[in-house]
Amino acid sequence: MLAASPRHIAVIGGGITGITTAYSLLKRGFDVTVFEKNRYAAMETSFANGGQLSASNAEGWNHWPTVSKGMRWMLRRDAPLLVNPRPSWHKLSWFAEFIRAIPQYADNTSETARLAIAAREHLFQWAEDEAIDFDLKRKGILHIYRDKAGFDHAARVSELLAKGGLERRAVTPEEMRAIEPTLAGNYYGGFYTESDATGDIHKFTHGLAQAAERRGATLNYGHSVQDVGADESGAWVTAEADGVPVRQTFDGVVVCAGIGSRALAAKLGDRVNIYPVKGYSITVGLDDATSQEGAPTVSLLDDETKLVTSRLGHDRFRVAGTAEFNGINRDIRDDRIRPLIRWVEECFPNVSTRRVVPWAGLRPMLPNMMPRVGSGKLPTVFYNTGHGHLGWTLSAITAELLADAVESNAPQKSAALAR
């Protein structure tokens, strides 16, 4: 063990997890250097996600209905959950661990809800402290269901979320339309979580990165990490910038590298079995008064289609979702984007889809759907990664837990252990 807490920390990754981690460490008095291969913060998975800060979306995926849907939809190109049937050892090992984690589904769902609630306080406070404008809307999230089976499953999930401290209530179709009058279609019922919120993850991360820089962080943008290593007394990072590799030494290193975390962990002697799960989004330009009035202001989650929405400011409407297991593949497929556009046209017919910007990002997912937060085998190595579809929702609390681990230099293998 180290004689004292490491003081100069390298953070690998400049997405939402890396930047929140850097910010939390700075507040504890650490010197922080961030390595990010892109020219700016939040240019990959943190660029255009669904925009929800959603404790109500804390349900884990580790249950048998998810497995059966994945198998049933395997040959349907526009399926909400799509698994490329081509085998690889990585994919097979990931799914084997996913199935083994099914018995933890209920406990992990409740724990994720608890973490998400705790994260809100930090995130909102940071935004206020640093004057970050990120199109925040604290108007809740409405989950919508078209049939009794979906609604009944949601009722059971609500019980698990309640164990984690989340309050959400069932609403009738009439109440749903009172909450969000622009929503078209026929529904069996819904669940409404008033305490949830939405915003622009890219704006938030960019603003927090600027705040971290003001507080003294070194942000090495355009630095692609080529190698990393560590021993009992320190860590080193070799990063290439403008074609020139530079090796720097630190007291410790935190891996927040999204889907790149698995390879970096292997170099550091740890196994972090992250798989890239692609999600898609569209940002609809609300360019006329009819579209602006016809787009929702309350965030929605459609469990049947696995789509979420966020109203970003006055003139943008974000729709995101789906899950594609297809390796490291960032291609934006038309057959995956079209269902999102059709959904907007069916649910919000007054919104023009004349100007739509598509996007795809790779979520870093661990088989049990819980993030890896804490130390590795070496006392100078730490991880804050594997948040899956809840990266922004959990980012503030996992950053604080990570900072606790670095400060105390005590092992914490996952956020679920930090009670």
# chains A, B, ... in the order shown; residues from 1 in each chain; ligands from 1
>>> residues_around(residues="Asp303 in chain A", least_positions_apart="5", cutoff="9 Å", atoms="only C-alpha atoms", output="PDB file with N, CA, C and O atoms, in the first residue's frame")
ATOM      1  N   HIS A 143     -43.024   7.423 -18.346  1.00  0.00           N
ATOM      2  CA  HIS A 143     -42.903   6.137 -19.042  1.00  0.00           C
ATOM      3  C   HIS A 143     -44.273   5.769 -19.613  1.00  0.00           C
ATOM      4  O   HIS A 143     -45.288   5.816 -18.886  1.00  0.00           O
ATOM      5  N   ILE A 144     -44.305   5.385 -20.886  1.00  0.00           N
ATOM      6  CA  ILE A 144     -45.584   5.117 -21.562  1.00  0.00           C
ATOM      7  C   ILE A 144     -45.692   3.652 -21.952  1.00  0.00           C
ATOM      8  O   ILE A 144     -44.709   3.018 -22.357  1.00  0.00           O
ATOM      9  N   TYR A 145     -46.929   3.103 -21.835  1.00  0.00           N
ATOM     10  CA  TYR A 145     -47.176   1.689 -22.114  1.00  0.00           C
ATOM     11  C   TYR A 145     -48.459   1.541 -22.928  1.00  0.00           C
ATOM     12  O   TYR A 145     -49.488   2.147 -22.611  1.00  0.00           O
ATOM     13  N   GLY A 150     -47.013  -4.707 -20.493  1.00  0.00           N
ATOM     14  CA  GLY A 150     -45.934  -3.760 -20.254  1.00  0.00           C
ATOM     15  C   GLY A 150     -46.155  -2.945 -18.999  1.00  0.00           C
ATOM     16  O   GLY A 150     -45.222  -2.700 -18.224  1.00  0.00           O
ATOM     17  N   ALA A 154     -43.950  -2.850 -15.480  1.00  0.00           N
ATOM     18  CA  ALA A 154     -43.469  -1.582 -14.927  1.00  0.00           C
ATOM     19  C   ALA A 154     -43.866  -1.429 -13.465  1.00  0.00           C
ATOM     20  O   ALA A 154     -43.112  -0.852 -12.664  1.00  0.00           O
ATOM     21  N   VAL A 308     -36.125   7.064 -25.752  1.00  0.00           N
ATOM     22  CA  VAL A 308     -36.293   8.130 -24.767  1.00  0.00           C
ATOM     23  C   VAL A 308     -36.251   9.460 -25.499  1.00  0.00           C
ATOM     24  O   VAL A 308     -35.712   9.564 -26.605  1.00  0.00           O
TER      25      VAL A 308
END
>>> closest_atom_pairs(of="range 157-237 of chain A", to="range 99-115 of chain A", cutoff="7 Å", atoms="only C-alpha atoms", output="JSON lines")
{"residue": "A:Leu160", "atom": "CA", "partner": "A:Ser110", "partner_atom": "CA", "distance": 5.2}
{"residue": "A:Leu161", "atom": "CA", "partner": "A:Ser110", "partner_atom": "CA", "distance": 5.2}
{"residue": "A:Lys163", "atom": "CA", "partner": "A:Ser110", "partner_atom": "CA", "distance": 5.7}
{"residue": "A:Gly164", "atom": "CA", "partner": "A:Ser110", "partner_atom": "CA", "distance": 4.4}
{"residue": "A:Gly165", "atom": "CA", "partner": "A:Arg114", "partner_atom": "CA", "distance": 6.1}
{"residue": "A:Leu166", "atom": "CA", "partner": "A:Ala113", "partner_atom": "CA", "distance": 6.7}
>>> closest_residue(among="A:Arg76, A:His223, A:His206, A:His63", to="Ile12 in chain A", atoms="only C-alpha atoms")
A:His223
>>> closest_residue(among="A:Ala257, A:Leu286, A:Ile332, A:Val298", to="Gly361 in chain A", atoms="only C-alpha atoms")
A:Ile332
>>> closest_residue(among="A:Glu232, A:Glu293, A:Glu304, A:Asp135", to="Asp251 in chain A", atoms="only C-alpha atoms")
A:Glu232
>>> residues_around(residues="Gly285 in chain A", least_positions_apart="5", cutoff="12 Å", atoms="only C-alpha atoms", output="VMD selection string")
chain A and resid 290 to 292 295 311 to 319 351 to 358
>>> closest_residue(among="A:Arg214, A:His202, A:His90, A:Lys137", to="Leu26 in chain A", atoms="only C-alpha atoms")
A:Arg214
>>> residues_around(residues="Ile9 in chain A", least_positions_apart="4", cutoff="6 Å", atoms="only C-alpha atoms", output="PyMOL selection string")
chain A and resi 32+250-253
>>> residues_around(residues="Tyr280 in chain A", least_positions_apart="2", cutoff="7 Å", atoms="only C-alpha atoms", output="compact mmCIF listing (two decimals) with N, CA and C atoms, in the first residue's frame")
# COMPACT_ATOMS: atom_id res chain seq x y z
N LYS A 278 -23.98 -0.33 -29.06
CA LYS A 278 -24.27 0.89 -29.82
C LYS A 278 -25.69 1.39 -29.57
N ALA A 320 -33.65 9.09 -28.61
CA ALA A 320 -32.50 8.18 -28.59
C ALA A 320 -32.92 6.83 -28.03
N GLY A 321 -32.08 5.84 -28.32
CA GLY A 321 -32.33 4.52 -27.74
C GLY A 321 -31.79 3.40 -28.60
N THR A 322 -32.40 2.24 -28.48
CA THR A 322 -32.03 0.97 -29.10
C THR A 322 -30.69 0.49 -28.57
N TRP A 359 -27.04 10.24 -35.15
CA TRP A 359 -25.80 10.04 -34.41
C TRP A 359 -25.81 8.62 -33.84
N ALA A 360 -24.63 8.07 -33.61
CA ALA A 360 -24.49 6.77 -32.95
C ALA A 360 -23.30 6.81 -32.01
N GLY A 361 -23.44 6.17 -30.86
CA GLY A 361 -22.35 6.10 -29.89
C GLY A 361 -22.29 4.72 -29.27
>>> residues_around(residues="Thr249 in chain A", least_positions_apart="5", cutoff="7 Å", atoms="only C-alpha atoms", output="PyMOL selection string")
chain A and resi 235-237
>>> write_last_selection(atoms="N, CA and C atoms", output="mmCIF file, in the first residue's frame")
data_model
loop_
_atom_site.group_PDB
_atom_site.id
_atom_site.type_symbol
_atom_site.label_atom_id
_atom_site.label_comp_id
_atom_site.auth_asym_id
_atom_site.auth_seq_id
_atom_site.Cartn_x
_atom_site.Cartn_y
_atom_site.Cartn_z
ATOM 1 N N ALA A 235 2.538 5.359 -11.575
ATOM 2 C CA ALA A 235 1.980 4.946 -12.859
ATOM 3 C C ALA A 235 2.577 5.822 -13.946
ATOM 4 N N TRP A 236 2.509 5.355 -15.181
ATOM 5 C CA TRP A 236 3.009 6.141 -16.297
ATOM 6 C C TRP A 236 2.087 5.985 -17.496
ATOM 7 N N VAL A 237 2.023 7.041 -18.273
ATOM 8 C CA VAL A 237 1.162 7.096 -19.451
ATOM 9 C C VAL A 237 1.994 7.588 -20.622
#
>>> residues_around(residues="Asn368 in chain A", least_positions_apart="2", cutoff="6 Å", atoms="only C-alpha atoms", output="list in words")
Phe98, Ala101, Leu366 and Met370 of chain A
>>> write_last_selection(atoms="C-alpha atoms", output="PDB file, in the first residue's frame")
ATOM      1  CA  PHE A  98     -24.603 -11.462 -18.362  1.00  0.00           C
ATOM      2  CA  ALA A 101     -25.760 -12.052 -13.283  1.00  0.00           C
ATOM      3  CA  LEU A 366     -20.279  -4.552 -18.083  1.00  0.00           C
ATOM      4  CA  MET A 370     -23.099  -2.065 -12.768  1.00  0.00           C
TER       5      MET A 370
END
>>> closest_residue(among="A:Tyr275, A:Phe35, A:Tyr383, A:Tyr221", to="Glu324 in chain A", atoms="only C-alpha atoms")
A:Tyr275
>>> closest_residue(among="A:Leu82, A:Val225, A:Ile179, A:Leu268", to="Arg247 in chain A", atoms="only C-alpha atoms")
A:Val225
>>> closest_atom_pairs(of="range 112-146 of chain A", to="range 390-394 of chain A", cutoff="8 Å", atoms="only C-alpha atoms", output="Markdown table")
| residue | atom | partner | partner_atom | distance |
| --- | --- | --- | --- | --- |
| A:Leu115 | CA | A:Leu394 | CA | 6.5 |
| A:Ala116 | CA | A:Leu394 | CA | 5.2 |
| A:Ala119 | CA | A:Leu394 | CA | 5.8 |
| A:Arg120 | CA | A:Thr393 | CA | 7.7 |
>>> select_by_dssp(residues="range 64-194 of chain A", states="strand (DSSP E)", output="list in words")
Leu81, Leu82, Val83, Ile141, Leu142, His143, Ile144, Tyr145, Arg169, Ala170, Val171, Gly189, Gly190, Phe191, Tyr192 and Thr193 of chain A
>>> select_by_dssp(residues="range 59-244 of chain A", states="helix (DSSP H, G or I)", output="ChimeraX atom specification")
/A:64-72,89-100,102-129,148-163,173-179,201-214
>>> atom_distance(atom1="CA of Trp126 in chain A", atom2="CA of Leu208 in chain A")
8.0 Å
